[in-house]
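First comes the structure, then the notes that go with it.
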Amino acid sequence: MDNGTYLGFDYGTHKIGVAVGQRITRTASPLETIRSEKKQVRWKAIDRLIETWRPAALIVGIACQPDGQDNPVTPLMRKFCRQLEGRYHLPVHPVNEHLTTIESKRWLFDEANLSANKVQEYNDQVAAKLILQTWLNYHETAA
């Protein structure tokens with residue numbers, strides 16, 4: 001049964017930004033940044049989030065070049081999607097994340113007036129929020 005809660009991920013080899021969103025309110029919020037150890041996903045942190053939020057699905061940003069071709073990290077993002085699906089048996093929806101990191105940094109610096117250090121601290125989770133918000137917005141109009 002779809003409880004209307006979703007987790008969004010901005011995957012990176014060193015950090016994974018996480019956001020939470022609800023379909024009923026059609027809003028997403030930054031949640032946390034998971035730091036990888038030796039480029040390995042910290043599954044215990046994700047286990048905790050899955051247990052806490054009990055999401056109906058997982059939304060993962062997939063970065064591609066502007067022309068649609070894969071960039072060097074794209075295959076790792078797709079692997080992360082497969083791992084999430086296999087580990088948690090939840091639907092995983094990829095979303096084009098083109099420019100979300102740039103938009104996140106702009107918002108944190110210009111709108112939230114954070115220092116460069118704080119931007120680096122929160123950037124990944126705000127990028128995850130933008131990814132999840134994109135998915136929620138699309139599904140609002142598609143519903």
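Simple scheme: letters A, B, ... for chains in structure tokens order, numbers from 1 for residues in each chain, numbers from 1 for ligands in the order shown.
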(request) Write out as an MDAnalysis selection string all residues of stretch 42-93 of chain A that backbone DSSP assigns to helix (DSSP H, G or I). (result) chainID A and resid 43:53 74:88
(request) Quick one: everything within 7 Å of A:Pro94, counting only C-alpha atoms, minus sequence neighbours fewer than 4 positions away in the same chain. Send it as a ChimeraX atom specification. (result) /A:59-62
So that I can see what lies close to A:Thr74, please list as a PDB file with N, CA and C atoms, in the first residue's frame the residues with an atom at most 10 Å from it, counting only C-alpha atoms and leaving out residues fewer than 4 positions away in the same chain.
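Writing done, so here's part.pdb:
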ATOM      1  N   TYR A  11      23.041  10.590  -5.558  1.00  0.00           N
ATOM      2  CA  TYR A  11      24.166   9.678  -5.369  1.00  0.00           C
ATOM      3  C   TYR A  11      25.470  10.315  -5.819  1.00  0.00           C
ATOM      4  N   GLY A  12      26.471  10.165  -4.980  1.00  0.00           N
ATOM      5  CA  GLY A  12      27.842  10.532  -5.315  1.00  0.00           C
ATOM      6  C   GLY A  12      28.773   9.495  -4.732  1.00  0.00           C
ATOM      7  N   GLY A  61      18.434  10.343  -8.540  1.00  0.00           N
ATOM      8  CA  GLY A  61      18.893  11.188  -9.634  1.00  0.00           C
ATOM      9  C   GLY A  61      19.931  10.469 -10.471  1.00  0.00           C
ATOM     10  N   ILE A  62      19.769  10.559 -11.787  1.00  0.00           N
ATOM     11  CA  ILE A  62      20.725   9.988 -12.731  1.00  0.00           C
ATOM     12  C   ILE A  62      21.271  11.136 -13.569  1.00  0.00           C
ATOM     13  N   ALA A  63      22.568  11.345 -13.485  1.00  0.00           N
ATOM     14  CA  ALA A  63      23.206  12.427 -14.226  1.00  0.00           C
ATOM     15  C   ALA A  63      23.666  11.932 -15.587  1.00  0.00           C
ATOM     16  N   CYS A  64      23.416  12.735 -16.587  1.00  0.00           N
ATOM     17  CA  CYS A  64      23.884  12.467 -17.942  1.00  0.00           C
ATOM     18  C   CYS A  64      24.470  13.757 -18.501  1.00  0.00           C
ATOM     19  N   GLN A  65      25.196  13.624 -19.587  1.00  0.00           N
ATOM     20  CA  GLN A  65      25.701  14.801 -20.294  1.00  0.00           C
ATOM     21  C   GLN A  65      24.516  15.562 -20.884  1.00  0.00           C
ATOM     22  N   GLN A  69      24.104  11.517 -23.236  1.00  0.00           N
ATOM     23  CA  GLN A  69      25.078  10.441 -23.080  1.00  0.00           C
ATOM     24  C   GLN A  69      25.481  10.297 -21.613  1.00  0.00           C
ATOM     25  N   ASP A  70      25.885   9.089 -21.236  1.00  0.00           N
ATOM     26  CA  ASP A  70      26.362   8.846 -19.878  1.00  0.00           C
ATOM     27  C   ASP A  70      27.632   9.646 -19.609  1.00  0.00           C
ATOM     28  N   ARG A  78      23.339   4.026 -11.802  1.00  0.00           N
ATOM     29  CA  ARG A  78      22.430   2.949 -12.201  1.00  0.00           C
ATOM     30  C   ARG A  78      22.646   1.704 -11.327  1.00  0.00           C
ATOM     31  N   LYS A  79      23.898   1.428 -10.981  1.00  0.00           N
ATOM     32  CA  LYS A  79      24.201   0.309 -10.085  1.00  0.00           C
ATOM     33  C   LYS A  79      23.571   0.548  -8.709  1.00  0.00           C
ATOM     34  N   PHE A  80      23.657   1.782  -8.210  1.00  0.00           N
ATOM     35  CA  PHE A  80      23.054   2.138  -6.932  1.00  0.00           C
ATOM     36  C   PHE A  80      21.541   1.884  -6.984  1.00  0.00           C
TER      37      PHE A  80
END
(message) Ranking A:Arg87, A:Glu37, A:Gly8, A:Gln125 by minimum distance to A:Pro55 and counting only C-alpha atoms, which one comes first?
(response) A:Gly8
(request) State, in Å with one decimal place, the distance from atom CA of A:Glu97 to atom CA of A:Leu49. (result)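 According to the coordinates, atom CA of A:Glu97 and atom CA of A:Leu49 are separated by 21.7 Å.
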(request) Tell me which protein, DNA and RNA residues are within 12 Å of A:Ala128, counting only C-alpha atoms, leaving out same-chain ones fewer than 3 positions away, and put them as a ChimeraX atom specification. (result) /A:6-12,15-21,28-34,58-62,94-97,99-101,103-104,122-125,131-135
Dump as a PDB file, in the first residue's frame, selection limited to C-alpha atoms:
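And here is the file that came out, result-v1.pdb:
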ATOM      1  CA  TYR A   6       9.177   8.817  -0.738  1.00  0.00           C
ATOM      2  CA  LEU A   7      12.917   9.075  -0.257  1.00  0.00           C
ATOM      3  CA  GLY A   8      15.043  10.846  -2.856  1.00  0.00           C
ATOM      4  CA  PHE A   9      18.759  10.274  -3.367  1.00  0.00           C
ATOM      5  CA  ASP A  10      21.508  12.371  -4.923  1.00  0.00           C
ATOM      6  CA  TYR A  11      24.166   9.678  -5.369  1.00  0.00           C
ATOM      7  CA  GLY A  12      27.842  10.532  -5.315  1.00  0.00           C
ATOM      8  CA  LYS A  15      28.420  11.577  -0.390  1.00  0.00           C
ATOM      9  CA  ILE A  16      24.776  10.682  -0.888  1.00  0.00           C
ATOM     10  CA  GLY A  17      22.209  13.400  -0.313  1.00  0.00           C
ATOM     11  CA  VAL A  18      18.829  12.237   0.966  1.00  0.00           C
ATOM     12  CA  ALA A  19      15.459  13.980   0.942  1.00  0.00           C
ATOM     13  CA  VAL A  20      11.985  12.958   2.058  1.00  0.00           C
ATOM     14  CA  GLY A  21       8.739  13.904   0.388  1.00  0.00           C
ATOM     15  CA  ALA A  28      10.096  17.413  -0.627  1.00  0.00           C
ATOM     16  CA  SER A  29      12.503  18.443   2.132  1.00  0.00           C
ATOM     17  CA  PRO A  30      16.248  17.926   2.587  1.00  0.00           C
ATOM     18  CA  LEU A  31      16.907  15.198   5.136  1.00  0.00           C
ATOM     19  CA  GLU A  32      20.597  14.370   5.534  1.00  0.00           C
ATOM     20  CA  THR A  33      23.902  13.652   3.838  1.00  0.00           C
ATOM     21  CA  ILE A  34      25.399  10.188   4.108  1.00  0.00           C
ATOM     22  CA  LEU A  58      12.840   5.473  -3.849  1.00  0.00           C
ATOM     23  CA  ILE A  59      13.721   8.242  -6.302  1.00  0.00           C
ATOM     24  CA  VAL A  60      17.313   8.451  -7.556  1.00  0.00           C
ATOM     25  CA  GLY A  61      18.893  11.188  -9.634  1.00  0.00           C
ATOM     26  CA  ILE A  62      20.725   9.988 -12.731  1.00  0.00           C
ATOM     27  CA  PRO A  94      15.368   7.224 -11.830  1.00  0.00           C
ATOM     28  CA  VAL A  95      15.050  10.961 -12.513  1.00  0.00           C
ATOM     29  CA  ASN A  96      17.215  13.066 -14.787  1.00  0.00           C
ATOM     30  CA  GLU A  97      19.203  15.210 -12.394  1.00  0.00           C
ATOM     31  CA  LEU A  99      21.969  20.644 -13.199  1.00  0.00           C
ATOM     32  CA  THR A 100      20.417  19.873  -9.779  1.00  0.00           C
ATOM     33  CA  THR A 101      23.774  20.232  -8.004  1.00  0.00           C
ATOM     34  CA  GLU A 103      20.819  24.767  -8.822  1.00  0.00           C
ATOM     35  CA  SER A 104      21.225  23.529  -5.242  1.00  0.00           C
ATOM     36  CA  TYR A 122      24.059  20.871   2.729  1.00  0.00           C
ATOM     37  CA  ASN A 123      24.391  20.807  -1.063  1.00  0.00           C
ATOM     38  CA  ASP A 124      23.826  17.068  -1.568  1.00  0.00           C
ATOM     39  CA  GLN A 125      20.643  16.891   0.484  1.00  0.00           C
ATOM     40  CA  ILE A 131      15.397  15.460  -7.588  1.00  0.00           C
ATOM     41  CA  LEU A 132      12.487  14.266  -5.456  1.00  0.00           C
ATOM     42  CA  GLN A 133      10.524  17.478  -6.036  1.00  0.00           C
ATOM     43  CA  THR A 134      10.954  17.010  -9.804  1.00  0.00           C
ATOM     44  CA  TRP A 135       9.488  13.501  -9.511  1.00  0.00           C
TER      45      TRP A 135
END
(request) Among the residues of stretch 5-139 of chain A, find those DSSP assigns to strand (DSSP E) from the backbone and print them as a PyMOL selection string. (result) chain A and resi 5-11+15-22+27-35+57-62+92-96
Please save N, CA and C atoms of the selected residues as a CSV table (one decimal), in the first residue's frame.
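So the final result, stored in out21.csv, reads:
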chain,number,residue,atom,x,y,z
A,5,THR,N,4.8,8.4,1.1
A,5,THR,CA,6.1,8.9,1.5
A,5,THR,C,7.2,8.4,0.6
A,6,TYR,N,8.1,9.2,0.2
A,6,TYR,CA,9.2,8.8,-0.7
A,6,TYR,C,10.5,9.3,-0.2
A,7,LEU,N,11.6,8.6,-0.5
A,7,LEU,CA,12.9,9.1,-0.3
A,7,LEU,C,13.6,9.3,-1.6
A,8,GLY,N,14.3,10.5,-1.7
A,8,GLY,CA,15.0,10.8,-2.9
A,8,GLY,C,16.5,10.8,-2.6
A,9,PHE,N,17.3,10.4,-3.5
A,9,PHE,CA,18.8,10.3,-3.4
A,9,PHE,C,19.5,11.0,-4.5
A,10,ASP,N,20.5,11.8,-4.0
A,10,ASP,CA,21.5,12.4,-4.9
A,10,ASP,C,22.8,11.6,-4.7
A,11,TYR,N,23.0,10.6,-5.6
A,11,TYR,CA,24.2,9.7,-5.4
A,11,TYR,C,25.5,10.3,-5.8
A,15,LYS,N,29.6,11.2,-1.2
A,15,LYS,CA,28.4,11.6,-0.4
A,15,LYS,C,27.1,11.2,-1.1
A,16,ILE,N,26.1,10.9,-0.3
A,16,ILE,CA,24.8,10.7,-0.9
A,16,ILE,C,23.8,11.6,-0.2
A,17,GLY,N,23.2,12.5,-0.9
A,17,GLY,CA,22.2,13.4,-0.3
A,17,GLY,C,20.9,12.7,-0.3
A,18,VAL,N,20.1,12.9,0.8
A,18,VAL,CA,18.8,12.2,1.0
A,18,VAL,C,17.8,13.3,1.3
A,19,ALA,N,16.6,13.1,0.7
A,19,ALA,CA,15.5,14.0,0.9
A,19,ALA,C,14.2,13.1,1.2
A,20,VAL,N,13.2,13.7,1.8
A,20,VAL,CA,12.0,13.0,2.1
A,20,VAL,C,10.9,13.8,1.5
A,21,GLY,N,9.9,13.2,0.9
A,21,GLY,CA,8.7,13.9,0.4
A,21,GLY,C,7.4,13.1,0.5
A,22,GLN,N,6.4,13.8,0.5
A,22,GLN,CA,5.0,13.2,0.6
A,22,GLN,C,4.2,13.6,-0.7
A,27,THR,N,5.4,17.9,-1.7
A,27,THR,CA,6.6,18.7,-1.3
A,27,THR,C,7.7,17.7,-0.8
A,28,ALA,N,8.9,18.2,-1.1
A,28,ALA,CA,10.1,17.4,-0.6
A,28,ALA,C,10.9,18.3,0.3
A,29,SER,N,11.6,17.7,1.2
A,29,SER,CA,12.5,18.4,2.1
A,29,SER,C,13.9,17.7,2.2
A,30,PRO,N,14.9,18.5,2.4
A,30,PRO,CA,16.2,17.9,2.6
A,30,PRO,C,16.2,17.2,3.9
A,31,LEU,N,16.9,16.0,3.9
A,31,LEU,CA,16.9,15.2,5.1
A,31,LEU,C,18.3,15.1,5.7
A,32,GLU,N,19.2,14.5,5.0
A,32,GLU,CA,20.6,14.4,5.5
A,32,GLU,C,21.6,14.0,4.4
A,33,THR,N,22.8,14.1,4.8
A,33,THR,CA,23.9,13.7,3.8
A,33,THR,C,24.6,12.5,4.5
A,34,ILE,N,24.7,11.4,3.7
A,34,ILE,CA,25.4,10.2,4.1
A,34,ILE,C,26.8,10.2,3.5
A,35,ARG,N,27.8,10.1,4.3
A,35,ARG,CA,29.2,10.1,3.8
A,35,ARG,C,29.6,8.7,3.5
A,57,ALA,N,8.4,4.3,-2.3
A,57,ALA,CA,9.3,4.1,-3.4
A,57,ALA,C,10.5,5.0,-3.2
A,58,LEU,N,11.6,4.7,-4.0
A,58,LEU,CA,12.8,5.5,-3.8
A,58,LEU,C,13.1,6.2,-5.2
A,59,ILE,N,13.5,7.4,-5.1
A,59,ILE,CA,13.7,8.2,-6.3
A,59,ILE,C,15.2,8.6,-6.3
A,60,VAL,N,15.9,8.3,-7.5
A,60,VAL,CA,17.3,8.5,-7.6
A,60,VAL,C,17.6,9.3,-8.8
A,61,GLY,N,18.4,10.3,-8.5
A,61,GLY,CA,18.9,11.2,-9.6
A,61,GLY,C,19.9,10.5,-10.5
A,62,ILE,N,19.8,10.6,-11.8
A,62,ILE,CA,20.7,10.0,-12.7
A,62,ILE,C,21.3,11.1,-13.6
A,92,VAL,N,12.1,1.7,-7.6
A,92,VAL,CA,13.1,2.7,-7.7
A,92,VAL,C,12.9,3.4,-9.0
A,93,HIS,N,12.7,4.7,-8.9
A,93,HIS,CA,12.4,5.6,-10.1
A,93,HIS,C,13.6,6.5,-10.3
A,94,PRO,N,14.3,6.3,-11.5
A,94,PRO,CA,15.4,7.2,-11.8
A,94,PRO,C,14.8,8.5,-12.4
A,95,VAL,N,15.5,9.6,-12.1
A,95,VAL,CA,15.1,11.0,-12.5
A,95,VAL,C,16.3,11.7,-13.1
A,96,ASN,N,16.1,12.3,-14.2
A,96,ASN,CA,17.2,13.1,-14.8
A,96,ASN,C,17.6,14.2,-13.8
(request) Give the answer as one residue: which of A:Ile24, A:Leu84, A:Gly4, A:Gly68 has the shortest atom-to-atom distance to A:Trp43, using only C-alpha atoms? (result)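 Once distances to A:Trp43 are computed over only C-alpha atoms, the minimum belongs to A:Leu84.
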(request) Figure out the distance between atom CA of A:Arg82 and atom CA of A:Val41, please, to one decimal in Å. (result) 13.0 Å
(message) Please determine, counting only C-alpha atoms, which residue among A:Lys38, A:Met77, A:Tyr88, A:Gln83 has the shortest atom-to-atom distance to A:Arg54.
(response) A:Tyr88
(message) I'd like the interatomic distance between atom CA of A:Gln40 and atom CA of A:Pro66, to a tenth of an Å.
(response)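 Here the two named atoms are 27.5 Å from each other.
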